[in-house]
file target37.pdb (PDB, C-alpha atoms, pLDDT in the B column)
ATOM      1  CA  GLU A   1      34.130-105.387  -4.199  1.00 84.00           C
ATOM      2  CA  ARG A   2      30.386-104.815  -4.602  1.00 87.00           C
ATOM      3  CA  ARG A   3      30.680-104.870  -8.403  1.00 87.00           C
ATOM      4  CA  LEU A   4      32.303-108.291  -8.015  1.00 91.00           C
ATOM      5  CA  GLU A   5      29.494-109.771  -5.912  1.00 95.00           C
ATOM      6  CA  SER A   6      27.983-112.929  -7.379  1.00 96.00           C
ATOM      7  CA  LEU A   7      24.365-111.772  -7.414  1.00 96.00           C
ATOM      8  CA  ARG A   8      25.376-108.887  -9.690  1.00 96.00           C
ATOM      9  CA  LEU A   9      27.329-111.128 -12.077  1.00 96.00           C
ATOM     10  CA  TYR A  10      24.943-114.091 -12.245  1.00 97.00           C
ATOM     11  CA  ARG A  11      23.391-114.664 -15.673  1.00 95.00           C
ATOM     12  CA  PRO A  12      20.575-117.247 -15.821  1.00 95.00           C
ATOM     13  CA  THR A  13      19.819-119.470 -18.782  1.00 93.00           C
ATOM     14  CA  PRO A  14      16.441-118.786 -20.464  1.00 93.00           C
ATOM     15  CA  LYS A  15      14.736-121.566 -18.468  1.00 94.00           C
ATOM     16  CA  GLN A  16      16.313-120.410 -15.208  1.00 96.00           C
ATOM     17  CA  GLU A  17      15.116-116.891 -15.965  1.00 96.00           C
ATOM     18  CA  LEU A  18      11.531-118.145 -16.342  1.00 96.00           C
ATOM     19  CA  PHE A  19      11.796-119.615 -12.862  1.00 97.00           C
ATOM     20  CA  HIS A  20      13.162-116.378 -11.384  1.00 97.00           C
ATOM     21  CA  LYS A  21      10.352-114.371 -13.025  1.00 97.00           C
ATOM     22  CA  SER A  22       7.635-116.674 -11.693  1.00 96.00           C
ATOM     23  CA  LEU A  23       5.263-115.103  -9.170  1.00 96.00           C
ATOM     24  CA  SER A  24       3.536-118.375  -8.298  1.00 96.00           C
ATOM     25  CA  SER A  25       3.075-119.039  -4.605  1.00 96.00           C
ATOM     26  CA  GLU A  26       4.416-122.587  -5.068  1.00 97.00           C
ATOM     27  CA  THR A  27       7.151-123.692  -7.468  1.00 97.00           C
ATOM     28  CA  LEU A  28       8.763-127.002  -8.322  1.00 96.00           C
ATOM     29  CA  VAL A  29      12.194-126.971  -9.961  1.00 97.00           C
ATOM     30  CA  ILE A  30      12.967-130.401 -11.386  1.00 95.00           C
ATOM     31  CA  GLY A  31      16.370-131.228 -12.833  1.00 93.00           C
ATOM     32  CA  GLY A  32      19.144-133.790 -12.882  1.00 87.00           C
ATOM     33  CA  ASN A  33      22.852-133.380 -12.287  1.00 84.00           C
ATOM     34  CA  ARG A  34      24.443-130.271 -13.852  1.00 83.00           C
ATOM     35  CA  SER A  35      21.067-128.932 -14.969  1.00 90.00           C
ATOM     36  CA  GLY A  36      21.452-125.643 -13.062  1.00 91.00           C
ATOM     37  CA  LYS A  37      18.642-126.542 -10.656  1.00 95.00           C
ATOM     38  CA  SER A  38      20.599-125.960  -7.456  1.00 95.00           C
ATOM     39  CA  LEU A  39      22.306-122.788  -8.635  1.00 96.00           C
ATOM     40  CA  SER A  40      19.079-121.098  -9.699  1.00 97.00           C
ATOM     41  CA  THR A  41      17.184-121.986  -6.515  1.00 98.00           C
ATOM     42  CA  PHE A  42      20.009-120.889  -4.206  1.00 98.00           C
ATOM     43  CA  VAL A  43      20.416-117.645  -6.162  1.00 98.00           C
ATOM     44  CA  GLU A  44      16.691-117.092  -5.612  1.00 98.00           C
ATOM     45  CA  ASP A  45      17.266-117.690  -1.881  1.00 98.00           C
ATOM     46  CA  ALA A  46      20.136-115.202  -1.836  1.00 98.00           C
ATOM     47  CA  TRP A  47      18.207-112.576  -3.795  1.00 98.00           C
ATOM     48  CA  ALA A  48      15.291-112.914  -1.373  1.00 98.00           C
ATOM     49  CA  ALA A  49      17.393-112.743   1.799  1.00 98.00           C
ATOM     50  CA  THR A  50      19.540-109.817   0.658  1.00 98.00           C
ATOM     51  CA  GLY A  51      16.525-107.840  -0.571  1.00 97.00           C
ATOM     52  CA  THR A  52      17.968-107.543  -4.074  1.00 96.00           C
ATOM     53  CA  HIS A  53      15.596-109.604  -6.226  1.00 97.00           C
ATOM     54  CA  PRO A  54      15.270-108.133  -9.748  1.00 96.00           C
ATOM     55  CA  ILE A  55      11.474-108.199  -9.415  1.00 96.00           C
ATOM     56  CA  ASP A  56      10.483-105.474  -6.970  1.00 95.00           C
ATOM     57  CA  GLY A  57       8.081-106.649  -4.306  1.00 95.00           C
ATOM     58  CA  LYS A  58       8.510-110.374  -4.864  1.00 97.00           C
ATOM     59  CA  TYR A  59      10.007-110.607  -1.362  1.00 97.00           C
ATOM     60  CA  PRO A  60      10.212-108.086   1.497  1.00 97.00           C
ATOM     61  CA  ALA A  61      13.306-105.905   1.339  1.00 96.00           C
ATOM     62  CA  GLU A  62      13.873-106.258   5.095  1.00 97.00           C
ATOM     63  CA  ASN A  63      13.017-108.394   8.127  1.00 97.00           C
ATOM     64  CA  GLY A  64      12.045-111.586   6.333  1.00 98.00           C
ATOM     65  CA  ASN A  65      12.458-115.248   7.190  1.00 98.00           C
ATOM     66  CA  LEU A  66      13.973-117.787   4.788  1.00 98.00           C
ATOM     67  CA  ILE A  67      13.649-121.471   5.661  1.00 98.00           C
ATOM     68  CA  ILE A  68      15.892-123.985   3.859  1.00 98.00           C
ATOM     69  CA  ILE A  69      15.360-127.692   4.469  1.00 98.00           C
ATOM     70  CA  GLY A  70      17.814-130.436   3.566  1.00 97.00           C
ATOM     71  CA  GLN A  71      17.255-134.158   3.831  1.00 95.00           C
ATOM     72  CA  ASN A  72      19.691-134.341   6.749  1.00 97.00           C
ATOM     73  CA  TRP A  73      22.372-132.250   8.444  1.00 98.00           C
ATOM     74  CA  LYS A  74      25.034-133.668   6.156  1.00 97.00           C
ATOM     75  CA  HIS A  75      23.113-132.200   3.205  1.00 97.00           C
ATOM     76  CA  VAL A  76      23.065-128.833   4.966  1.00 98.00           C
ATOM     77  CA  GLY A  77      26.826-128.955   5.489  1.00 98.00           C
ATOM     78  CA  LEU A  78      27.820-130.331   2.085  1.00 97.00           C
ATOM     79  CA  VAL A  79      25.352-128.526  -0.206  1.00 97.00           C
ATOM     80  CA  ILE A  80      23.336-125.697   1.313  1.00 98.00           C
ATOM     81  CA  VAL A  81      26.055-123.861   3.241  1.00 98.00           C
ATOM     82  CA  PRO A  82      28.686-124.069   0.439  1.00 98.00           C
ATOM     83  CA  TYR A  83      26.232-122.773  -2.169  1.00 97.00           C
ATOM     84  CA  LEU A  84      25.214-119.753  -0.098  1.00 98.00           C
ATOM     85  CA  PHE A  85      28.259-118.877   1.975  1.00 98.00           C
ATOM     86  CA  LYS A  86      31.333-120.126   0.108  1.00 97.00           C
ATOM     87  CA  ALA A  87      32.931-119.113  -3.196  1.00 97.00           C
ATOM     88  CA  GLY A  88      32.364-121.147  -6.326  1.00 96.00           C
ATOM     89  CA  ALA A  89      28.616-121.412  -6.966  1.00 96.00           C
ATOM     90  CA  PHE A  90      29.597-120.529 -10.550  1.00 96.00           C
ATOM     91  CA  LYS A  91      32.670-119.218 -12.346  1.00 96.00           C
ATOM     92  CA  ILE A  92      33.602-115.697 -13.399  1.00 96.00           C
ATOM     93  CA  ILE A  93      36.097-114.312 -15.885  1.00 96.00           C
ATOM     94  CA  LYS A  94      37.662-110.886 -16.474  1.00 94.00           C
ATOM     95  CA  ASP A  95      37.408-108.749 -19.606  1.00 93.00           C
ATOM     96  CA  GLY A  96      39.857-105.888 -19.166  1.00 91.00           C
ATOM     97  CA  LYS A  97      38.902-104.370 -15.805  1.00 90.00           C
ATOM     98  CA  ASN A  98      35.418-105.879 -15.633  1.00 93.00           C
ATOM     99  CA  TRP A  99      34.327-109.273 -14.324  1.00 95.00           C
ATOM    100  CA  ARG A 100      31.384-111.263 -15.693  1.00 95.00           C
ATOM    101  CA  ALA A 101      29.937-114.769 -15.556  1.00 96.00           C
ATOM    102  CA  PHE A 102      32.039-117.367 -17.361  1.00 95.00           C
ATOM    103  CA  ASP A 103      30.402-118.852 -20.468  1.00 92.00           C
ATOM    104  CA  PRO A 104      31.708-122.425 -20.958  1.00 88.00           C
ATOM    105  CA  VAL A 105      30.913-122.303 -24.678  1.00 88.00           C
ATOM    106  CA  ALA A 106      31.918-118.793 -25.728  1.00 91.00           C
ATOM    107  CA  ASP A 107      34.889-118.756 -23.334  1.00 94.00           C
ATOM    108  CA  ALA A 108      36.062-122.325 -23.951  1.00 92.00           C
ATOM    109  CA  ASP A 109      39.526-121.158 -25.050  1.00 95.00           C
ATOM    110  CA  ARG A 110      39.885-119.100 -21.839  1.00 95.00           C
ATOM    111  CA  ALA A 111      38.822-121.763 -19.349  1.00 94.00           C
ATOM    112  CA  GLU A 112      42.106-121.485 -17.428  1.00 95.00           C
ATOM    113  CA  GLU A 113      41.359-117.807 -16.696  1.00 95.00           C
ATOM    114  CA  ALA A 114      38.050-118.552 -14.957  1.00 96.00           C
ATOM    115  CA  LYS A 115      37.843-118.171 -11.183  1.00 96.00           C
ATOM    116  CA  PRO A 116      35.236-119.142  -8.547  1.00 96.00           C
ATOM    117  CA  ALA A 117      32.600-116.478  -8.019  1.00 97.00           C
ATOM    118  CA  PRO A 118      32.363-114.962  -4.513  1.00 97.00           C
ATOM    119  CA  PRO A 119      29.735-116.303  -2.064  1.00 97.00           C
ATOM    120  CA  LEU A 120      26.077-115.755  -3.038  1.00 98.00           C
ATOM    121  CA  ILE A 121      25.486-114.181   0.390  1.00 98.00           C
ATOM    122  CA  PRO A 122      28.066-111.353   0.603  1.00 96.00           C
ATOM    123  CA  PRO A 123      30.099-111.460   3.853  1.00 96.00           C
ATOM    124  CA  ARG A 124      29.294-107.771   4.394  1.00 96.00           C
ATOM    125  CA  MET A 125      25.614-108.737   4.783  1.00 97.00           C
ATOM    126  CA  ILE A 126      26.196-111.237   7.589  1.00 98.00           C
ATOM    127  CA  LYS A 127      25.464-109.946  11.097  1.00 98.00           C
ATOM    128  CA  ALA A 128      25.549-113.176  13.128  1.00 98.00           C
ATOM    129  CA  GLN A 129      25.560-116.948  12.635  1.00 98.00           C
ATOM    130  CA  SER A 130      24.550-119.825  14.895  1.00 98.00           C
ATOM    131  CA  TRP A 131      25.917-123.333  14.317  1.00 98.00           C
ATOM    132  CA  LEU A 132      24.907-126.811  15.393  1.00 96.00           C
ATOM    133  CA  LEU A 133      28.399-128.009  14.423  1.00 97.00           C
ATOM    134  CA  LYS A 134      30.515-125.370  12.712  1.00 96.00           C
ATOM    135  CA  SER A 135      33.357-127.710  11.691  1.00 96.00           C
ATOM    136  CA  ALA A 136      30.893-129.756   9.611  1.00 97.00           C
ATOM    137  CA  GLY A 137      28.962-126.741   8.280  1.00 97.00           C
ATOM    138  CA  TYR A 138      25.770-127.528  10.191  1.00 98.00           C
ATOM    139  CA  LEU A 139      24.279-124.019  10.188  1.00 98.00           C
ATOM    140  CA  ASN A 140      21.302-123.316  12.448  1.00 98.00           C
ATOM    141  CA  SER A 141      20.666-119.717  11.449  1.00 98.00           C
ATOM    142  CA  CYS A 142      22.215-116.660   9.860  1.00 98.00           C
ATOM    143  CA  GLU A 143      21.028-113.135  10.626  1.00 98.00           C
ATOM    144  CA  LEU A 144      21.696-110.506   7.959  1.00 98.00           C
ATOM    145  CA  VAL A 145      22.151-106.774   8.460  1.00 98.00           C
ATOM    146  CA  ASN A 146      18.838-106.042   6.692  1.00 98.00           C
ATOM    147  CA  GLY A 147      16.866-107.999   9.285  1.00 98.00           C
ATOM    148  CA  TRP A 148      16.382-111.153   7.223  1.00 98.00           C
ATOM    149  CA  THR A 149      17.163-114.461   8.942  1.00 98.00           C
ATOM    150  CA  ILE A 150      18.073-117.692   7.169  1.00 98.00           C
ATOM    151  CA  TYR A 151      17.165-120.870   9.067  1.00 98.00           C
ATOM    152  CA  CYS A 152      18.476-124.314   8.065  1.00 98.00           C
ATOM    153  CA  PHE A 153      16.775-127.539   9.099  1.00 98.00           C
ATOM    154  CA  SER A 154      17.233-131.272   8.652  1.00 97.00           C
ATOM    155  CA  SER A 155      14.070-133.010   7.470  1.00 96.00           C
ATOM    156  CA  GLU A 156      14.905-135.912   9.773  1.00 96.00           C
ATOM    157  CA  GLY A 157      13.587-133.833  12.672  1.00 94.00           C
ATOM    158  CA  ASP A 158      10.049-132.657  13.369  1.00 94.00           C
ATOM    159  CA  PRO A 159       9.021-129.401  11.649  1.00 94.00           C
ATOM    160  CA  PRO A 160       8.944-126.398  14.006  1.00 92.00           C
ATOM    161  CA  GLN A 161       5.727-124.499  14.604  1.00 89.00           C
ATOM    162  CA  GLY A 162       4.628-121.046  15.632  1.00 89.00           C
ATOM    163  CA  PHE A 163       6.612-118.860  13.218  1.00 92.00           C
ATOM    164  CA  GLN A 164       5.996-117.076   9.917  1.00 95.00           C
ATOM    165  CA  ALA A 165       8.071-117.383   6.749  1.00 97.00           C
ATOM    166  CA  ASP A 166       8.500-115.386   3.551  1.00 98.00           C
ATOM    167  CA  ARG A 167      10.234-118.132   1.573  1.00 98.00           C
ATOM    168  CA  VAL A 168      10.638-121.866   2.116  1.00 98.00           C
ATOM    169  CA  HIS A 169      13.074-123.903   0.007  1.00 98.00           C
ATOM    170  CA  ILE A 170      13.171-127.685   0.216  1.00 97.00           C
ATOM    171  CA  ASP A 171      16.311-128.971  -1.483  1.00 96.00           C
ATOM    172  CA  GLU A 172      16.198-132.552  -2.810  1.00 92.00           C
ATOM    173  CA  ASP A 173      14.417-135.276  -0.817  1.00 91.00           C
ATOM    174  CA  LEU A 174      12.593-135.256   2.524  1.00 93.00           C
ATOM    175  CA  ALA A 175      12.891-137.776   5.321  1.00 93.00           C
ATOM    176  CA  ASN A 176       9.654-136.564   6.919  1.00 94.00           C
ATOM    177  CA  GLU A 177       6.869-135.507   4.538  1.00 93.00           C
ATOM    178  CA  GLN A 178       5.054-133.577   7.292  1.00 94.00           C
ATOM    179  CA  TRP A 179       7.406-130.696   6.529  1.00 96.00           C
ATOM    180  CA  VAL A 180       5.390-129.818   3.415  1.00 96.00           C
ATOM    181  CA  PRO A 181       1.969-129.004   4.959  1.00 95.00           C
ATOM    182  CA  GLU A 182       3.635-127.438   8.000  1.00 96.00           C
ATOM    183  CA  MET A 183       5.772-125.100   5.870  1.00 97.00           C
ATOM    184  CA  GLN A 184       2.796-124.229   3.675  1.00 96.00           C
ATOM    185  CA  ALA A 185       1.015-123.146   6.859  1.00 95.00           C
ATOM    186  CA  ARG A 186       4.020-121.062   7.974  1.00 95.00           C
ATOM    187  CA  LEU A 187       3.877-119.131   4.676  1.00 97.00           C
ATOM    188  CA  ALA A 188       0.169-118.320   4.808  1.00 94.00           C
ATOM    189  CA  ASP A 189       0.179-115.188   6.988  1.00 93.00           C
ATOM    190  CA  ARG A 190       2.894-113.399   5.002  1.00 94.00           C
ATOM    191  CA  LYS A 191       1.779-114.764   1.627  1.00 94.00           C
ATOM    192  CA  GLY A 192       5.251-116.225   1.220  1.00 97.00           C
ATOM    193  CA  ARG A 193       6.573-118.454  -1.538  1.00 98.00           C
ATOM    194  CA  PHE A 194       7.290-122.186  -1.457  1.00 98.00           C
ATOM    195  CA  CYS A 195       9.941-123.867  -3.621  1.00 98.00           C
ATOM    196  CA  TRP A 196      11.037-127.493  -3.906  1.00 97.00           C
ATOM    197  CA  SER A 197      14.105-128.339  -5.999  1.00 96.00           C
ATOM    198  CA  ALA A 198      14.392-132.058  -6.683  1.00 93.00           C
ATOM    199  CA  MET A 199      15.734-134.755  -8.973  1.00 90.00           C
ATOM    200  CA  PRO A 200      13.282-136.054 -11.612  1.00 84.00           C
ATOM    201  CA  HIS A 201      13.400-139.613 -10.264  1.00 79.00           C
ATOM    202  CA  SER A 202      12.300-138.702  -6.719  1.00 76.00           C
ATOM    203  CA  LYS A 203       9.553-141.019  -5.407  1.00 77.00           C
ATOM    204  CA  ASN A 204       8.615-138.842  -2.435  1.00 84.00           C
ATOM    205  CA  GLU A 205       4.824-138.995  -1.995  1.00 89.00           C
ATOM    206  CA  ALA A 206       4.564-135.318  -1.083  1.00 91.00           C
ATOM    207  CA  LEU A 207       6.482-134.339  -4.224  1.00 92.00           C
ATOM    208  CA  ILE A 208       4.312-136.630  -6.355  1.00 91.00           C
ATOM    209  CA  GLY A 209       1.248-134.882  -4.953  1.00 92.00           C
ATOM    210  CA  LEU A 210       2.644-131.453  -5.846  1.00 94.00           C
ATOM    211  CA  ASN A 211       3.491-132.695  -9.341  1.00 92.00           C
ATOM    212  CA  GLU A 212      -0.116-133.815  -9.784  1.00 93.00           C
ATOM    213  CA  ARG A 213      -1.285-130.364  -8.720  1.00 94.00           C
ATOM    214  CA  CYS A 214       1.078-128.882 -11.330  1.00 95.00           C
ATOM    215  CA  ASP A 215      -0.462-131.110 -13.988  1.00 94.00           C
ATOM    216  CA  LYS A 216      -3.936-129.928 -13.019  1.00 94.00           C
ATOM    217  CA  ALA A 217      -2.854-126.267 -12.958  1.00 94.00           C
ATOM    218  CA  GLU A 218      -1.383-126.605 -16.450  1.00 92.00           C
ATOM    219  CA  GLU A 219      -4.627-128.155 -17.723  1.00 93.00           C
ATOM    220  CA  GLU A 220      -6.721-125.384 -16.155  1.00 92.00           C
ATOM    221  CA  GLY A 221      -4.322-122.588 -17.141  1.00 90.00           C
ATOM    222  CA  THR A 222      -3.786-121.382 -13.560  1.00 90.00           C
ATOM    223  CA  LYS A 223      -0.440-120.278 -12.105  1.00 88.00           C
ATOM    224  CA  ASP A 224      -0.797-120.736  -8.344  1.00 92.00           C
ATOM    225  CA  ILE A 225       1.663-123.607  -8.651  1.00 96.00           C
ATOM    226  CA  GLN A 226       4.226-123.991 -11.453  1.00 96.00           C
ATOM    227  CA  ARG A 227       6.795-126.581 -12.456  1.00 96.00           C
ATOM    228  CA  HIS A 228      10.082-125.698 -14.135  1.00 95.00           C
ATOM    229  CA  VAL A 229      12.058-128.538 -15.695  1.00 95.00           C
ATOM    230  CA  LEU A 230      15.776-127.884 -16.220  1.00 94.00           C
ATOM    231  CA  ARG A 231      17.997-130.139 -18.325  1.00 89.00           C
ATOM    232  CA  PHE A 232      21.741-130.587 -18.616  1.00 82.00           C
ATOM    233  CA  LEU A 233      21.761-129.633 -22.316  1.00 72.00           C
ATOM    234  CA  ASP A 234      20.046-126.315 -21.538  1.00 74.00           C
ATOM    235  CA  ASN A 235      22.706-125.376 -19.002  1.00 69.00           C
TER
END
call {"tool": "encode", "arguments": {"input": "target37.pdb", "output": "structure tokens"}}
result
Amino acid sequence: ERRLESLRLYRPTPKQELFHKSLSSETLVIGGNRSGKSLSTFVEDAWAATGTHPIDGKYPAENGNLIIIGQNWKHVGLVIVPYLFKAGAFKIIKDGKNWRAFDPVADADRAEEAKPAPPLIPPRMIKAQSWLLKSAGYLNSCELVNGWTIYCFSSEGDPPQGFQADRVHIDEDLANEQWVPEMQARLADRKGRFCWSAMPHSKNEALIGLNERCDKAEEEGTKDIQRHVLRFLDN
């Protein structure tokens, strides 16, 4: 069962791999539909929370806090929870006795054999979950056996204060832009990492500001903030 876990079978594209290898404190992942943006950022979340990231020391192995922010609770229920806690983030296929990630090009003639990969967060890692509305998938928090806790928030509410975070992931747009400076402050004490995955056409002022900082960092050759652009044809 452990050999079949998704985080062991996941194989990133070259551009996704660059994102996973980044040690920048702030990262933007920009991509349209089917670009692999969501998969790569949620795999990064799962690697961080389960203490299994391929880069040793990028995140604490135990007792960390992961904050994931969706535009609203519907986004949490329809996107965030299914990606992390349900099967099917990507497909897998079997060669003899061994399973691996399905390659839609190389395995095109075996597409009918492909199956949904197990959840990114293995059920064996889950200690307790708290729900705002379980039937709709509105997850408040999930405590893992290694001490990590995953918190989900709707950006329509006010950002909470008074806690520390090791990773913050904003997925898609924000209803309240005050989440950005507040989450940056929450990451400061633990030197955590900030990630925003968004569509390229987003007009959010906070995202535009981060993009401008990326432009400046690229001009100056610094890596405190990085932007990774994923495209459908690369996926």
call {"tool": "resolve_selection", "arguments": {"input": "target37.pdb", "expression": "the PyMOL selection byres ((chain A and resi 143) around 8)", "output": "PyMOL selection string"}}
result
chain A and resi 126-129+141-142+144-145+147-150
call {"tool": "closest_atom_pairs", "arguments": {"input": "target37.pdb", "of": "range 114-158 of chain A", "to": "range 168-187 of chain A", "cutoff": "10 Å", "atoms": "only C-alpha atoms", "output": "JSON lines"}}
result
{"residue": "A:Ile150", "atom": "CA", "partner": "A:Val168", "partner_atom": "CA", "distance": 9.9}
{"residue": "A:Tyr151", "atom": "CA", "partner": "A:Val168", "partner_atom": "CA", "distance": 9.6}
{"residue": "A:Cys152", "atom": "CA", "partner": "A:His169", "partner_atom": "CA", "distance": 9.7}
{"residue": "A:Phe153", "atom": "CA", "partner": "A:Ile170", "partner_atom": "CA", "distance": 9.6}
{"residue": "A:Ser154", "atom": "CA", "partner": "A:Ala175", "partner_atom": "CA", "distance": 8.5}
{"residue": "A:Ser155", "atom": "CA", "partner": "A:Ala175", "partner_atom": "CA", "distance": 5.4}
{"residue": "A:Glu156", "atom": "CA", "partner": "A:Ala175", "partner_atom": "CA", "distance": 5.2}
{"residue": "A:Gly157", "atom": "CA", "partner": "A:Asn176", "partner_atom": "CA", "distance": 7.5}
{"residue": "A:Asp158", "atom": "CA", "partner": "A:Asn176", "partner_atom": "CA", "distance": 7.6}
call {"tool": "resolve_selection", "arguments": {"input": "target37.pdb", "expression": "the PyMOL selection byres ((chain A and resi 193) around 7)", "output": "list in words"}}
result
Ser25, Glu26, Asp166, Arg167, Val168, Leu187, Lys191, Gly192, Phe194 and Cys195 of chain A
call {"tool": "closest_atom_pairs", "arguments": {"input": "target37.pdb", "of": "range 156-221 of chain A", "to": "range 227-231 of chain A", "cutoff": "9 Å", "atoms": "all atoms listed in the file", "output": "JSON lines"}}
result
{"residue": "A:Pro200", "atom": "CA", "partner": "A:Val229", "partner_atom": "CA", "distance": 8.6}
{"residue": "A:Asn211", "atom": "CA", "partner": "A:Arg227", "partner_atom": "CA", "distance": 7.6}
{"residue": "A:Cys214", "atom": "CA", "partner": "A:Arg227", "partner_atom": "CA", "distance": 6.3}
{"residue": "A:Asp215", "atom": "CA", "partner": "A:Arg227", "partner_atom": "CA", "distance": 8.7}
call {"tool": "axis_aligned_box", "arguments": {"input": "target37.pdb", "around": "range 68-83 of chain A", "padding_each_side": "8 Å", "output": "lines of an AutoDock Vina configuration file"}}
result
center_x = 22.0
center_y = -128.6
center_z = 3.1
size_x = 29.3
size_y = 27.6
size_z = 26.6
call {"tool": "closest_residue", "arguments": {"input": "target37.pdb", "among": "A:Ser135, A:Ser130, A:Asn65, A:Ser197", "to": "Thr41 in chain A", "atoms": "only C-alpha atoms"}}
result
A:Ser197
call {"tool": "closest_residue", "arguments": {"input": "target37.pdb", "among": "A:Pro122, A:Leu133, A:Ser38, A:Gly57", "to": "Lys74 in chain A", "atoms": "all atoms listed in the file"}}
result
A:Leu133
call {"tool": "atom_distance", "arguments": {"input": "target37.pdb", "atom1": "CA of Val29 in chain A", "atom2": "CA of Lys203 in chain A"}}
result
15.0 Å
call {"tool": "atom_distance", "arguments": {"input": "target37.pdb", "atom1": "CA of Gly36 in chain A", "atom2": "CA of Phe90 in chain A"}}
result
9.9 Å
